[in-house]
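First the structure, in the form of structure tokens, and then the observations on it.
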Amino acid sequence: MSGSPLNRLSWLRPSQSFLNAVITSPATRWVLFNDGLPLIATHVISQKRTLALLPTDDVRSLLGIEPYFGQGQFEGEASHSDAPVLEAARLHGARVVFLGLKEADPLTSAALPSSDFKDPQATVANMEGTPFFTIDVADLEDSLVMSAVQTSRRVDSYITLNFMDPKTAMTSLDVFTAAVFAEARSMIDWNRRNKFCPACGSPTFSLWAGWKLSCTSLLPWASNTGRKPCPSGRGTQNFCYPRTDPVVIMVVMNESGDKILLGRNKRFPSKFYSALAGFVEPGESYEDAVKREMWEEAGVRVWNVRYQSGQPWPFPANLMLGFYATADSSAPIRTDLDNELEGYARWYTREEVSVALAHQAGTNSATSSHDSTKEAEPPFKMPPSTAIAGVLIKQWAEGNIKFDYATKM
């Protein structure tokens, strides 16, 4: 599971003086991606993995020429315009996102108002905490990227750095790094997917440290002779903002609360079962989406829909919203309506689920070859507790769900 442990300092994103000062701070750390694959540090003996959080000096060659924010028309040129379309603009080089500040003491840290940055270098030097940035290096030369990685001060005789499958890497992250990873990957993916203006097709550029995108036809020096003005320049709708796609995921219990309904999606590995899930559609509430998805995927009518918790899921930019609900376990199950499930969904008892959870491989979706010296494979597998589905299932299995299952609401 992940939360949001960074102070994102959103009011300072338009401040190029703050961003140019904090990006070069010795305390700053970077999360690197290569086409969405995170750079992971692996201990060669323990095989423990975590995000390779690099200092700015290690990645400076990947950032281009200063200034890094508030760039002008030509590379190396600073913008002196106060036009909103140029606030902390990054027009040259790979897009960079400021993620926020891990405060030394969130309860006592100052709020860092914009007025504090009359002397940004001095303010940043006295700032307590760790600033975080992220960048995707996919569009840079491979030799430049590999040189930066191989010469990083993180590399030694015990630590190796490699770009790794994000879902595999996520299972080994602690709560803090999982949260930073979720924010970083979602923002990097959004920046990489939105390279052209949806209104006129012109290239876009980054503002506000990667949190806004704008059309290049709106730049003061843009040549728009013979072209209609871009519709994105009218009113206040001249920026593109990061997106988050809500997804409901639900563990449905029977009326006595001692069984849950799990299903097999076509994309799941062998013997893997999970809670059902689906995107929230326009014009419906979260509760409506839970009811619709359960009917479409399993032909089951549910009631008593209760929210439990949420989890950012950066593949690419989902927000998983976890719910419990109740259904009649004697009613027939149908998987032929939208064919999302592999023709199979059924009710599992608490005992069956608990046996799988207690098994060494019960929450490991990887398919392993048979080894007679090891414990026999579990009858089925479920998501780990690093995923919200695993949390929902585990809390139910341990008897930690406290509400009236049968009451219809």
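In the structure tokens, chains take the letters A, B, ... in the order shown, each chain's residues start at 1, and ligands count up from 1 in the order shown.
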Skipping near chain neighbours, those fewer than 2 positions away, what residues fall within 10 Å of Glu398 of chain A using only C-alpha atoms, listed as an MDAnalysis selection string? chainID A and resid 350 353:354 393:396 400:401
Which residues are close to Gly263 of chain A, i.e. within 6 Å by only C-alpha atoms, leaving aside same-chain residues fewer than 5 positions away? Reply as a PyMOL selection string. chain A and resi 273-274+345
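Minimum distance to Ala317 of chain A across A:Val145, A:Leu51, A:Met187, A:Val44 (counting only C-alpha atoms) occurs at A:Met187.
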From the set A:Phe181, A:Trp303, A:Phe18, A:Trp208, which residue has the shortest atom-to-atom contact distance to Glu87 of chain A, counting only C-alpha atoms?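 Using only C-alpha atoms, the shortest distance to Glu87 of chain A belongs to A:Trp208.
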Considering only strand (DSSP E or B) as DSSP defines it on the backbone, what residues of segment 195-364 of chain A qualify? List them as a PyMOL selection string. chain A and resi 196+203-207+212-215+240+245-253+259-265+272+274+276-279+302-313+318-327+341-349
When you draw a straight line from atom CA of Pro378 of chain A to atom CA of Ala356 of chain A, how long is it in Å? 5.9 Å
Which residues, written as a PyMOL selection string, have at least one atom at most 6 Å from Pro131 of chain A, with only C-alpha atoms counted and residues fewer than 6 positions away on the same chain left out? chain A and resi 28+100-101
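Considering only C-alpha atoms, the residue among A:Thr326, A:Thr216, A:Thr56, A:Asn162 positioned nearest to Leu86 of chain A is A:Thr216.
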Neighbouring residues of Trp313 of chain A were defined as those with any atom within 9 Å, considering only C-alpha atoms; residues of the same chain fewer than 2 positions away were excluded. Please report them as a list in words.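 Once the adjacent positions are removed, what remains is Ser2, Ala182, Ser186, Gln311, Phe315, Pro316, Ala317, Asn318, Leu319, Met320 and Ala387 of chain A.
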Generate the output file for the selected residues, N, CA and C atoms, as a short mmCIF file (atom, residue, chain, number, x, y, z; two decimals), in the first residue's frame.
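Result went into result-v4.cif, see below:
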```cif
data_model
loop_
_atom_site.label_atom_id
_atom_site.label_comp_id
_atom_site.auth_asym_id
_atom_site.auth_seq_id
_atom_site.Cartn_x
_atom_site.Cartn_y
_atom_site.Cartn_z
N SER A 2 0.34 2.35 -0.44
CA SER A 2 1.13 3.57 -0.46
C SER A 2 0.28 4.74 -0.03
N ALA A 182 4.87 5.60 -6.80
CA ALA A 182 3.55 5.76 -7.40
C ALA A 182 3.36 7.15 -7.98
N SER A 186 3.38 7.80 -12.20
CA SER A 186 2.17 8.38 -12.78
C SER A 186 2.48 9.68 -13.51
N GLN A 311 -5.63 3.21 -2.97
CA GLN A 311 -4.21 3.01 -3.27
C GLN A 311 -3.89 3.56 -4.66
N PHE A 315 -0.22 2.45 -13.16
CA PHE A 315 -0.10 1.62 -14.37
C PHE A 315 -1.29 1.86 -15.31
N PRO A 316 -1.42 3.07 -15.93
CA PRO A 316 -0.44 4.14 -15.79
C PRO A 316 -0.79 5.18 -14.72
N ALA A 317 -2.09 5.42 -14.46
CA ALA A 317 -2.42 6.53 -13.55
C ALA A 317 -3.75 6.26 -12.85
N ASN A 318 -3.89 5.08 -12.28
CA ASN A 318 -5.15 4.69 -11.65
C ASN A 318 -5.14 5.01 -10.16
N LEU A 319 -6.31 5.25 -9.62
CA LEU A 319 -6.52 5.34 -8.18
C LEU A 319 -7.48 4.22 -7.81
N MET A 320 -6.95 3.21 -7.12
CA MET A 320 -7.77 2.06 -6.74
C MET A 320 -8.57 2.42 -5.49
N ALA A 387 -0.70 -4.90 -2.62
CA ALA A 387 -1.79 -4.47 -3.49
C ALA A 387 -3.07 -4.37 -2.66
#
```
Using DSSP secondary structure from the backbone, list all alpha helix (DSSP H) positions within segment 135-264 of chain A, as a ChimeraX atom specification. /A:142-150,166-170,175-193
Can you list, as a list of chain:residue names, every protein, DNA or RNA residue that comes within 9 Å of Leu219 of chain A when you count only C-alpha atoms, leaving out same-chain residues fewer than 3 positions away?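 Close residues of Leu219 of chain A: A:Gln73, A:Val85, A:Leu86, A:Ser214, A:Cys215, A:Thr216, A:Ala222, A:Ser223.
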Expected file contents, prior selection, N, CA, C and O atoms, as a tab-separated table (two decimals), in the first residue's frame:
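Saved as again04.tsv:
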```tsv
chain	number	residue	atom	x	y	z
A	73	GLN	N	13.59	30.95	-25.38
A	73	GLN	CA	13.40	30.37	-26.71
A	73	GLN	C	14.56	29.47	-27.11
A	73	GLN	O	14.37	28.44	-27.76
A	85	VAL	N	2.22	31.60	-19.42
A	85	VAL	CA	2.58	30.47	-20.27
A	85	VAL	C	4.06	30.11	-20.15
A	85	VAL	O	4.50	29.06	-20.64
A	86	LEU	N	4.84	30.94	-19.45
A	86	LEU	CA	6.27	30.68	-19.29
A	86	LEU	C	6.67	30.46	-17.83
A	86	LEU	O	7.85	30.43	-17.52
A	214	SER	N	1.46	22.82	-21.83
A	214	SER	CA	0.82	23.84	-22.64
A	214	SER	C	1.23	23.68	-24.10
A	214	SER	O	2.23	23.03	-24.41
A	215	CYS	N	0.44	24.27	-24.96
A	215	CYS	CA	0.67	24.18	-26.41
A	215	CYS	C	1.75	25.17	-26.83
A	215	CYS	O	1.75	26.34	-26.43
A	216	THR	N	2.69	24.70	-27.66
A	216	THR	CA	3.78	25.58	-28.11
A	216	THR	C	3.27	26.72	-29.00
A	216	THR	O	3.97	27.72	-29.17
A	222	ALA	N	5.98	32.11	-31.01
A	222	ALA	CA	5.45	31.11	-31.95
A	222	ALA	C	5.00	31.79	-33.24
A	222	ALA	O	4.42	32.87	-33.24
A	223	SER	N	5.27	31.13	-34.37
A	223	SER	CA	4.84	31.62	-35.68
A	223	SER	C	3.53	30.93	-36.05
A	223	SER	O	3.51	29.74	-36.38
```
In terms of only C-alpha atoms, the residue from A:Trp221, A:Asn265, A:Ile249, A:Pro203 at minimal distance from Phe74 of chain A is A:Trp221
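Across the structure, atom CA of Ile333 of chain A and atom CA of Phe279 of chain A are spaced 21.0 Å apart.
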Would you mind reading off the distance between atom CA of Ile388 of chain A and atom CA of Thr177 of chain A, one decimal, in Å?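 Pair atom CA of Ile388 of chain A / atom CA of Thr177 of chain A returns 16.4 Å.
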Selected residue, from A:Asn34, A:Thr24, A:Ser309, A:Ser256, that lies nearest to Ser329 of chain A when counting only C-alpha atoms: A:Ser256
Looking at A:Pro314, A:Gly283, A:Pro269, A:Pro229, which one is nearest to Arg243 of chain A, with distances taken over only C-alpha atoms?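 So, comparing all the options, the nearest one is A:Pro314.
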